[in-house]
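Note: the block below is run_13.csv and it holds CSV, C-alpha atoms.
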chain,number,residue,atom,x,y,z
A,1,MET,CA,37.3,3.1,-8.9
A,2,THR,CA,35.7,-0.4,-9.0
A,3,ASN,CA,32.0,-0.8,-9.2
A,4,ASP,CA,32.0,-2.1,-5.6
A,5,ALA,CA,34.0,0.9,-4.4
A,6,ALA,CA,31.7,3.3,-6.3
A,7,ALA,CA,28.7,1.7,-4.8
A,8,ALA,CA,30.1,2.0,-1.3
A,9,THR,CA,30.9,5.6,-1.8
A,10,GLU,CA,27.4,6.3,-3.0
A,11,HIS,CA,25.9,5.2,0.3
A,12,ARG,CA,28.6,6.4,2.6
A,13,ALA,CA,27.2,8.9,5.2
A,14,TYR,CA,27.9,12.6,4.6
A,15,PRO,CA,30.3,14.3,7.2
A,16,GLY,CA,28.4,15.3,10.3
A,17,PHE,CA,26.1,12.3,10.0
A,18,ARG,CA,28.6,9.5,10.3
A,19,TRP,CA,28.8,9.4,14.1
A,20,MET,CA,25.0,9.4,14.3
A,21,ARG,CA,24.7,6.7,11.7
A,22,ARG,CA,27.1,4.5,13.7
A,23,TRP,CA,24.9,4.9,16.8
A,24,LEU,CA,21.6,4.4,14.9
A,25,PHE,CA,22.9,1.3,13.1
A,26,ARG,CA,23.5,-0.3,16.5
A,27,LEU,CA,19.7,-0.1,17.1
A,28,ASP,CA,17.0,-2.1,15.6
A,29,PRO,CA,16.0,-0.3,12.3
A,30,GLU,CA,12.4,0.4,13.4
A,31,VAL,CA,13.5,1.6,16.8
A,32,ALA,CA,16.1,3.9,15.1
A,33,HIS,CA,13.4,5.3,12.8
A,34,ASP,CA,11.0,5.9,15.6
A,35,ARG,CA,13.6,7.8,17.6
A,36,ILE,CA,14.5,10.0,14.6
A,37,VAL,CA,10.8,10.8,14.0
A,38,ARG,CA,10.3,11.7,17.7
A,39,LEU,CA,13.4,13.9,17.7
A,40,LEU,CA,12.3,15.7,14.5
A,41,ASN,CA,8.8,16.1,15.9
A,42,LEU,CA,10.2,17.8,19.0
A,43,VAL,CA,12.5,20.0,16.9
A,44,PHE,CA,9.8,21.1,14.6
A,45,GLN,CA,7.6,22.2,17.5
A,46,LEU,CA,10.3,24.8,18.4
A,47,PRO,CA,10.4,27.5,15.7
A,48,PRO,CA,13.9,28.8,16.5
A,49,LEU,CA,15.3,25.3,16.0
A,50,THR,CA,13.4,24.9,12.8
A,51,TRP,CA,14.7,28.2,11.6
A,52,LEU,CA,18.3,27.2,12.4
A,53,LEU,CA,17.8,24.0,10.4
A,54,SER,CA,16.5,25.9,7.5
A,55,ILE,CA,19.6,28.1,7.5
A,56,VAL,CA,21.8,25.0,7.2
A,57,PHE,CA,19.7,22.8,4.9
A,58,ALA,CA,17.0,24.8,3.1
A,59,ARG,CA,18.9,26.8,0.7
A,60,ARG,CA,16.2,27.7,-1.8
A,61,GLN,CA,17.4,28.1,-5.4
A,62,PRO,CA,15.0,29.8,-7.8
A,63,GLN,CA,16.5,27.8,-10.7
A,64,LEU,CA,15.1,24.6,-9.1
A,65,LYS,CA,11.6,25.8,-8.4
A,66,GLN,CA,8.9,24.1,-10.4
A,67,GLU,CA,5.2,24.3,-10.8
A,68,TYR,CA,2.9,21.3,-11.7
A,69,LEU,CA,-0.8,20.7,-11.3
A,70,ASN,CA,-1.2,24.2,-9.8
A,71,LEU,CA,1.2,23.4,-7.0
A,72,ASN,CA,4.5,25.2,-6.4
A,73,PHE,CA,7.5,23.0,-5.5
A,74,PRO,CA,10.3,25.1,-4.1
A,75,THR,CA,12.7,22.2,-4.7
A,76,PRO,CA,12.2,19.1,-6.8
A,77,ILE,CA,13.1,16.8,-3.9
A,78,GLY,CA,10.3,15.2,-1.9
A,79,LEU,CA,10.2,13.0,1.1
A,80,ALA,CA,8.6,9.6,0.1
A,81,ALA,CA,5.7,8.0,1.8
A,82,GLY,CA,6.6,5.7,4.7
A,83,PHE,CA,8.9,8.0,6.6
A,84,ASP,CA,6.2,10.2,8.1
A,85,LYS,CA,3.4,7.7,8.2
A,86,ASN,CA,1.2,9.7,10.6
A,87,GLY,CA,1.8,13.3,9.5
A,88,GLN,CA,3.8,14.3,12.6
A,89,LEU,CA,6.6,16.1,10.7
A,90,VAL,CA,5.1,18.0,7.9
A,91,ARG,CA,5.2,21.4,9.6
A,92,GLY,CA,9.0,21.4,9.5
A,93,LEU,CA,10.2,19.2,6.6
A,94,HIS,CA,10.8,22.3,4.4
A,95,ALA,CA,13.6,23.2,6.8
A,96,LEU,CA,15.5,20.1,5.7
A,97,GLY,CA,15.4,21.2,2.0
A,98,PHE,CA,12.4,19.2,0.9
A,99,GLY,CA,10.1,20.8,-1.7
A,100,PHE,CA,7.2,18.5,-0.9
A,101,CYS,CA,6.4,15.6,1.3
A,102,GLU,CA,4.1,12.6,1.4
A,103,VAL,CA,2.3,11.3,4.5
A,104,GLY,CA,1.1,7.7,4.9
A,105,THR,CA,0.2,5.2,3.7
A,106,VAL,CA,-3.1,6.1,5.5
A,107,THR,CA,-5.9,3.6,5.9
A,108,LEU,CA,-9.5,4.0,7.0
A,109,ARG,CA,-9.1,2.3,10.3
A,110,PRO,CA,-6.0,2.5,12.5
A,111,GLN,CA,-3.9,-0.7,12.2
A,112,SER,CA,-0.7,-1.9,13.9
A,113,GLY,CA,0.8,-3.4,10.8
A,114,ASN,CA,2.6,-6.7,10.4
A,115,PRO,CA,4.4,-8.5,13.3
A,116,GLN,CA,7.8,-7.3,14.3
A,117,PRO,CA,10.6,-7.5,13.3
A,118,ARG,CA,9.6,-6.0,10.0
A,119,LEU,CA,12.4,-3.7,8.9
A,120,TRP,CA,15.9,-4.8,8.0
A,121,ARG,CA,19.1,-3.1,6.7
A,122,LEU,CA,21.2,-4.5,3.9
A,123,ALA,CA,24.1,-2.1,4.6
A,124,GLU,CA,26.5,-3.4,2.0
A,125,GLU,CA,23.9,-2.9,-0.7
A,126,GLY,CA,22.6,0.4,0.5
A,127,ALA,CA,19.2,-1.1,0.9
A,128,LEU,CA,16.3,-1.8,3.3
A,129,ILE,CA,13.8,-4.5,3.4
A,130,ASN,CA,10.4,-3.5,5.0
A,131,ASN,CA,7.4,-5.5,5.8
A,132,MET,CA,5.6,-2.8,7.7
A,133,GLY,CA,2.1,-3.4,6.5
A,134,PHE,CA,0.5,0.1,6.5
A,135,ASN,CA,0.9,0.7,10.3
A,136,ASN,CA,-0.7,4.1,10.9
A,137,ASP,CA,-3.1,6.0,13.2
A,138,GLY,CA,-6.0,5.9,10.8
A,139,ALA,CA,-7.5,8.5,8.5
A,140,ALA,CA,-9.5,10.4,11.1
A,141,VAL,CA,-6.6,10.9,13.5
A,142,ILE,CA,-4.2,11.8,10.8
A,143,ALA,CA,-6.6,14.3,9.2
A,144,ALA,CA,-7.2,16.0,12.5
A,145,ARG,CA,-3.4,16.3,13.0
A,146,LEU,CA,-2.9,17.8,9.6
A,147,ALA,CA,-5.8,20.1,10.0
A,148,LYS,CA,-3.8,22.0,12.7
A,149,ILE,CA,-1.3,23.1,10.1
A,150,LYS,CA,-3.1,26.1,8.6
A,151,GLN,CA,-0.5,27.0,6.0
A,152,HIS,CA,1.5,24.4,4.1
A,153,PRO,CA,5.1,25.6,3.6
A,154,ILE,CA,5.5,22.9,0.9
A,155,PRO,CA,2.9,20.7,-0.9
A,156,ILE,CA,1.6,17.9,1.3
A,157,GLY,CA,0.6,14.6,-0.4
A,158,VAL,CA,-1.5,12.0,1.4
A,159,ASN,CA,-0.8,8.4,0.3
A,160,ILE,CA,-4.0,6.3,0.8
A,161,GLY,CA,-4.5,2.5,0.9
A,162,LYS,CA,-6.9,-0.1,2.2
A,163,ASN,CA,-6.9,-2.0,5.5
A,164,ARG,CA,-5.4,-5.4,5.5
A,165,ASP,CA,-8.7,-7.2,6.3
A,166,THR,CA,-10.8,-5.3,3.7
A,167,PRO,CA,-11.8,-7.7,0.8
A,168,LEU,CA,-10.7,-6.5,-2.7
A,169,ILE,CA,-14.4,-6.2,-3.7
A,170,GLU,CA,-14.8,-3.5,-1.0
A,171,ALA,CA,-11.5,-1.7,-1.7
A,172,ALA,CA,-12.9,0.9,-4.1
A,173,ALA,CA,-15.5,2.1,-1.5
A,174,GLU,CA,-12.9,2.1,1.2
A,175,TYR,CA,-10.4,4.2,-0.7
A,176,LYS,CA,-13.2,6.7,-1.4
A,177,GLU,CA,-14.0,7.0,2.2
A,178,VAL,CA,-10.4,7.6,3.1
A,179,LEU,CA,-10.2,10.3,0.4
A,180,LYS,CA,-13.3,11.9,1.9
A,181,ILE,CA,-11.7,12.1,5.3
A,182,VAL,CA,-8.4,13.5,4.2
A,183,TYR,CA,-9.4,15.7,1.2
A,184,SER,CA,-9.4,19.0,3.0
A,185,VAL,CA,-5.9,18.5,4.5
A,186,GLY,CA,-3.9,17.3,1.5
A,187,ASP,CA,-2.6,19.1,-1.6
A,188,TYR,CA,-2.5,16.0,-3.6
A,189,PHE,CA,-3.3,12.3,-3.1
A,190,VAL,CA,-1.6,9.1,-4.0
A,191,VAL,CA,-3.4,5.8,-4.6
A,192,ASN,CA,-1.2,3.0,-3.3
A,193,VAL,CA,-2.0,-0.2,-5.1
A,194,SER,CA,1.5,-1.5,-5.2
A,195,SER,CA,2.9,-2.2,-1.7
A,196,PRO,CA,3.9,-5.9,-1.5
A,197,ASN,CA,3.2,-6.0,2.2
A,198,THR,CA,-0.6,-6.0,2.2
A,199,PRO,CA,-2.0,-9.3,0.9
A,200,GLN,CA,-3.5,-9.1,-2.6
A,201,LEU,CA,-3.1,-5.3,-2.7
A,202,ARG,CA,-1.2,-5.5,-6.0
A,203,GLU,CA,-4.3,-7.2,-7.5
A,204,LEU,CA,-5.7,-3.7,-7.6
A,205,GLN,CA,-3.3,-2.8,-10.4
A,206,LYS,CA,-5.3,-5.2,-12.7
A,207,PRO,CA,-7.7,-3.4,-15.1
A,208,ASN,CA,-10.9,-4.8,-13.7
A,209,TYR,CA,-10.1,-3.4,-10.3
A,210,LEU,CA,-8.0,-0.3,-11.2
A,211,ARG,CA,-10.6,1.2,-13.6
A,212,GLU,CA,-13.4,1.1,-10.9
A,213,LEU,CA,-11.0,2.3,-8.2
A,214,LEU,CA,-9.5,5.3,-10.1
A,215,GLY,CA,-12.8,6.3,-11.8
A,216,GLY,CA,-14.5,6.4,-8.4
A,217,LEU,CA,-11.7,8.4,-6.7
A,218,VAL,CA,-11.5,11.0,-9.5
A,219,GLU,CA,-15.3,11.5,-9.3
A,220,GLN,CA,-15.2,11.6,-5.5
A,221,GLY,CA,-12.5,14.2,-5.7
A,222,LYS,CA,-14.7,16.4,-8.0
A,223,ARG,CA,-17.6,16.1,-5.6
A,224,LEU,CA,-15.5,16.9,-2.5
A,225,ALA,CA,-14.0,19.9,-4.2
A,226,LEU,CA,-17.4,21.2,-5.0
A,227,GLN,CA,-18.6,20.6,-1.5
A,228,GLN,CA,-15.6,22.3,0.1
A,229,ASN,CA,-15.5,25.1,-2.5
A,230,SER,CA,-11.9,24.3,-3.4
A,231,PRO,CA,-10.1,23.5,-6.6
A,232,VAL,CA,-10.1,19.9,-7.7
A,233,LYS,CA,-6.9,18.4,-6.2
A,234,PRO,CA,-4.6,16.0,-8.1
A,235,ILE,CA,-4.8,12.3,-7.7
A,236,LEU,CA,-1.8,10.2,-8.6
A,237,VAL,CA,-1.1,6.4,-8.6
A,238,LYS,CA,1.9,4.6,-7.2
A,239,LEU,CA,3.0,1.6,-9.3
A,240,ALA,CA,5.0,-1.6,-8.6
A,241,PRO,CA,8.4,-2.0,-10.3
A,242,GLU,CA,7.7,-5.5,-11.6
A,243,LEU,CA,4.9,-4.6,-14.1
A,244,ASP,CA,5.7,-6.1,-17.5
A,245,GLU,CA,5.1,-4.3,-20.8
A,246,ALA,CA,1.6,-5.5,-21.3
A,247,GLU,CA,0.6,-4.6,-17.7
A,248,LEU,CA,2.2,-1.2,-17.9
A,249,LYS,CA,0.4,-0.4,-21.1
A,250,ALA,CA,-3.0,-1.5,-19.6
A,251,VAL,CA,-2.4,0.7,-16.6
A,252,VAL,CA,-1.4,3.7,-18.7
A,253,ALA,CA,-4.6,3.4,-20.7
A,254,ILE,CA,-6.6,3.5,-17.6
A,255,LEU,CA,-4.7,6.5,-16.2
A,256,ARG,CA,-5.6,8.4,-19.3
A,257,GLU,CA,-9.2,7.2,-19.4
A,258,GLU,CA,-10.0,8.1,-15.8
A,259,GLY,CA,-8.3,11.5,-15.7
A,260,VAL,CA,-5.6,10.7,-13.2
A,261,SER,CA,-3.1,13.6,-12.7
A,262,GLY,CA,0.2,11.8,-12.4
A,263,VAL,CA,2.1,8.6,-11.5
A,264,ILE,CA,4.7,7.7,-9.0
A,265,ALA,CA,7.4,5.2,-10.1
A,266,CYS,CA,7.9,3.1,-8.2
A,267,ASN,CA,7.2,1.1,-5.0
A,268,THR,CA,9.5,-1.5,-3.4
A,269,LEU,CA,10.7,-4.7,-5.1
A,270,LYS,CA,8.9,-7.8,-3.8
A,271,HIS,CA,11.1,-9.8,-1.5
A,272,THR,CA,10.4,-13.0,0.5
A,273,GLN,CA,10.5,-10.9,3.7
A,274,GLY,CA,8.7,-7.8,2.3
A,275,GLY,CA,9.8,-5.1,-0.1
A,276,THR,CA,13.3,-3.9,-1.0
A,277,SER,CA,14.1,-0.3,-1.3
A,278,GLY,CA,17.5,1.5,-1.9
A,279,ARG,CA,20.3,0.8,-4.4
A,280,PRO,CA,18.9,-2.5,-5.9
A,281,LEU,CA,15.7,-0.7,-6.9
A,282,LEU,CA,17.3,2.1,-9.0
A,283,PRO,CA,17.6,0.2,-12.4
A,284,TYR,CA,13.9,-0.7,-12.2
A,285,THR,CA,13.0,2.9,-11.4
A,286,VAL,CA,15.0,4.3,-14.3
A,287,LYS,CA,13.5,1.7,-16.7
A,288,MET,CA,9.9,2.4,-15.6
A,289,VAL,CA,10.3,6.2,-15.7
A,290,GLN,CA,11.7,5.9,-19.3
A,291,ARG,CA,8.8,3.7,-20.4
A,292,LEU,CA,6.1,5.7,-18.7
A,293,ARG,CA,7.4,8.9,-20.3
A,294,GLN,CA,7.3,7.2,-23.7
A,295,LEU,CA,3.8,6.0,-23.2
A,296,LEU,CA,2.3,9.0,-21.5
A,297,GLY,CA,4.0,11.8,-23.5
A,298,GLY,CA,5.7,15.0,-22.3
A,299,ASP,CA,2.9,16.6,-20.3
A,300,PHE,CA,2.1,13.9,-17.7
A,301,LEU,CA,3.5,14.3,-14.2
A,302,ILE,CA,6.0,11.6,-13.3
A,303,ILE,CA,7.5,11.4,-9.8
A,304,ALA,CA,10.5,9.1,-9.5
A,305,VAL,CA,11.2,7.2,-6.3
A,306,GLY,CA,13.3,4.2,-5.5
A,307,GLY,CA,17.1,3.7,-5.3
A,308,ILE,CA,18.2,7.4,-5.0
A,309,LEU,CA,21.4,7.4,-2.9
A,310,SER,CA,23.3,10.1,-4.7
A,311,PRO,CA,22.8,13.4,-6.6
A,312,ALA,CA,23.8,11.7,-9.8
A,313,ASP,CA,20.9,9.2,-9.4
A,314,VAL,CA,18.5,12.2,-9.5
A,315,TRP,CA,20.0,13.6,-12.7
A,316,GLN,CA,19.8,10.2,-14.3
A,317,LEU,CA,16.1,10.0,-13.4
A,318,PHE,CA,15.4,13.5,-14.7
A,319,ARG,CA,17.0,12.6,-18.0
A,320,ALA,CA,14.9,9.4,-18.0
A,321,GLY,CA,11.7,11.5,-17.9
A,322,ALA,CA,10.9,12.3,-14.2
A,323,ASN,CA,9.6,15.8,-13.2
A,324,LEU,CA,10.2,15.4,-9.5
A,325,VAL,CA,11.9,12.9,-7.2
A,326,GLN,CA,11.4,11.5,-3.7
A,327,VAL,CA,13.9,10.0,-1.3
A,328,TYR,CA,13.8,7.8,1.8
A,329,THR,CA,16.3,5.0,2.0
A,330,GLY,CA,19.0,7.5,0.8
A,331,LEU,CA,18.4,9.5,4.0
A,332,VAL,CA,19.0,6.4,6.1
A,333,TYR,CA,22.4,5.8,4.6
A,334,ARG,CA,23.6,9.3,3.7
A,335,GLY,CA,21.9,11.6,6.2
A,336,PRO,CA,19.9,14.8,6.1
A,337,ARG,CA,22.4,16.6,3.9
A,338,LEU,CA,21.3,14.6,0.9
A,339,PRO,CA,18.6,17.1,-0.3
A,340,VAL,CA,21.2,20.0,-0.1
A,341,GLU,CA,23.8,17.9,-2.0
A,342,ILE,CA,21.3,17.1,-4.7
A,343,GLN,CA,20.4,20.8,-5.1
A,344,ARG,CA,24.1,21.7,-5.5
A,345,PHE,CA,24.6,19.0,-8.0
A,346,LEU,CA,21.6,20.0,-10.0
A,347,LEU,CA,22.7,23.7,-10.1
A,348,ASN,CA,26.1,22.6,-11.4
A,349,GLN,CA,24.5,20.4,-14.1
A,350,LEU,CA,22.2,23.2,-15.2
A,351,ARG,CA,25.3,25.4,-15.7
A,352,GLN,CA,27.0,22.7,-17.7
A,353,VAL,CA,24.0,22.3,-20.1
A,354,ASP,CA,23.5,26.1,-20.2
A,355,ALA,CA,19.9,25.9,-18.9
A,356,PRO,CA,18.3,28.8,-17.0
A,357,THR,CA,16.0,26.6,-14.9
A,358,LEU,CA,15.4,22.9,-14.2
A,359,GLN,CA,11.8,23.1,-15.4
A,360,GLU,CA,12.9,24.6,-18.8
A,361,TYR,CA,15.6,22.0,-19.2
A,362,LEU,CA,13.2,19.2,-18.5
A,363,SER,CA,10.7,20.6,-20.9
A,364,MET,CA,13.4,20.6,-23.6
A,365,LEU,CA,14.1,16.9,-22.9
A,366,ARG,CA,10.5,15.9,-23.5

This entry written out as structure tokens:
Amino acid sequence: MTNDAAAATEHRAYPGFRWMRRWLFRLDPEVAHDRIVRLLNLVFQLPPLTWLLSIVFARRQPQLKQEYLNLNFPTPIGLAAGFDKNGQLVRGLHALGFGFCEVGTVTLRPQSGNPQPRLWRLAEEGALINNMGFNNDGAAVIAARLAKIKQHPIPIGVNIGKNRDTPLIEAAAEYKEVLKIVYSVGDYFVVNVSSPNTPQLRELQKPNYLRELLGGLVEQGKRLALQQNSPVKPILVKLAPELDEAELKAVVAILREEGVSGVIACNTLKHTQGGTSGRPLLPYTVKMVQRLRQLLGGDFLIIAVGGILSPADVWQLFRAGANLVQVYTGLVYRGPRLPVEIQRFLLNQLRQVDAPTLQEYLSMLR
């Protein structure tokens, strides 16, 4: 099989989704996404339908269960930030086979995002370009929505950022305010300093900003946990794929110094129209995960995201050093069976390497 043919196979829709993808791809990408979110929101409000979905998609396998940061992940596959920006779907995502999900990016004030059109498909490449610009309902509305979910079937992460018009000098204070609003409704939190679609946001990855930002958030988390009589919750950072070696080493040093719990690698590739996700991002993700594992050692939590369109991609990222993975663009091209197919593939790989569980196998690799 040629490289082009292999790539086409990797982002071909799974059976059962092909007809729906043909219909969805006739729509504007953002319109299609909004319709899928509305449909899932409706389904997840009907427990019998959610239960039926779980029969089809949520085949829990004890060999794939993992525990990190005092959180239980029933599968190692998470839904990446950007799909469920406003926390409308978290009650039912476990029924699609996800082991965790991430809401957001959430900002202090509601904002509409960048002008439309702001989402494009690159179908031949298995990619998307987005220039969404943190469109969301705002921290207070999203926190109130999440507060209605009394028990979390899977860990819920809340990805936080700054409003477009907030100056960098005020960013640290604004992130702390967002964390304060959402702290009681999330299981972990992700500091987004790497989206290419908010002007100057990536400047926050530079040491002079990043140290103040992360130090303040870690201390804020400790205070909030004490006030709410809860355990201190993990804070992670999501990084850009284009960081060079010197920049990555500087970031890693700050992660260690400030007591951050984990890292997500990585955000979208900067593009003239926004940020590229999907197949073109995978080599960057693999390289960053490998380097982060080398720099951070075996015990630090690394979540890999970016470019996953096939189960084999997940195995490659686990062998590179990831503990968990997240998907988004892969769902657009391959459909909701992707998490199930990933689980099947992982179970087969564990049998081949004679490992009893995924977590034990990953521990051996470190």

Q: Excluding stretch 44-58 of chain A and any residue of its chain fewer than 6 positions from it, enumerate the residues within 10 Å of it, using only C-alpha atoms, and give them as a list of chain:residue names.
A: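 Returned residues: A:Arg38, A:Pro74, A:Thr75, A:Gln88, A:Leu89, A:Val90, A:Arg91, A:Gly92, A:Leu93, A:His94, A:Ala95, A:Leu96, A:Gly97, A:Phe98, A:Gly99, A:Pro336, A:Arg337, A:Leu338, A:Pro339, A:Val340, A:Glu341, A:Gln343.
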
**Message:** as an MDAnalysis selection string, please: the residues near A:Pro110 (cut-off 10 Å, all atoms listed in the file, same-chain neighbours under 3 positions excluded).
**Reply:** chainID A and resid 106:107 113 134:142 163

So what do you get for atom CA of A:Gly297 versus atom CA of A:Pro196, distance-wise?
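Those two atoms sit 28.2 Å apart.
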
Tell me which of A:Val237, A:Ala355, A:Val260, A:Ile156 sits closest to A:Lys222, counting only C-alpha atoms.
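Of the candidates, the smallest distance to A:Lys222 is held by A:Val260.
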
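Shortest separation to A:Arg21 among A:Leu119, A:Leu210, A:Leu201, A:Val332 occurs at residue A:Val332, atoms counted being only C-alpha atoms.
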
- Message: (19.5, 9.1, -13.3) in this file's frame - what residues fall within 12 Å of it? Use only C-alpha atoms and give the answer as a ChimeraX atom specification.
- Response: /A:282-290,304-325,342,346

TODO: Figure out the distance between atom CA of A:Gly126 and atom CA of A:Phe189, please, to one decimal in Å.
DONE: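 If I compute the distance from atom CA of A:Phe189 to atom CA of A:Gly126, I get 28.7 Å.
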
Worksheet entry | Shortest interatomic distance to A:Arg35 - which of A:Phe83, A:Leu64, A:Ala144, A:Leu213, counting only C-alpha atoms |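 Looking only at the distances to A:Arg35, the closest residue turns out to be A:Phe83.
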
Discussion item. List as a list of chain:residue names the protein and nucleic acid residues near A:Ala246, meaning an atom at most 12 Å away when all atoms listed in the file are counted, but skip any in the same chain fewer than 5 places from it.
Written reply: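 That gives A:Lys206, A:Pro207, A:Val251, A:Val252, A:Ala253, A:Arg291, A:Leu295.
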
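Atom CA of A:Asn131 lies 8.6 Å from atom CA of A:Pro115.
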
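Minimum atom-to-atom distances from A:Lys233, A:Arg223, A:Arg211, A:Arg256 to A:Pro155 were compared using all atoms listed in the file, and the lowest value belongs to A:Lys233.
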
Neighbour list for A:Ile169 as a VMD selection string, cut-off 12 Å, all atoms listed in the file, skip fewer than 2 positions in-chain: chain A and resid 162 165 to 167 171 to 175 200 to 201 203 to 204 208 to 210 212 to 213

- Query: Which of these residues is nearest to A:Met20, using only C-alpha atoms: A:Arg202, A:Lys249, A:Arg351, A:Arg334?
  - Reply: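 Among the listed residues, A:Arg334 lies closest to A:Met20.
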
- Message: Can you tell me which residues surround stretch 22-32 of chain A at a distance of at most 10 Å, considering all atoms listed in the file, apart from same-chain residues fewer than 2 positions away, and format the answer as an MDAnalysis selection string?
- Response: chainID A and resid 13 17:20 34:37 116:121 123 128 130 132 332:333

With distances taken over only C-alpha atoms, which of A:Glu247, A:Glu177, A:Asp187, A:Asp299 is nearest to A:Gly216?
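Going through A:Glu247, A:Glu177, A:Asp187, A:Asp299 one by one, the smallest distance to A:Gly216 is for A:Glu177.
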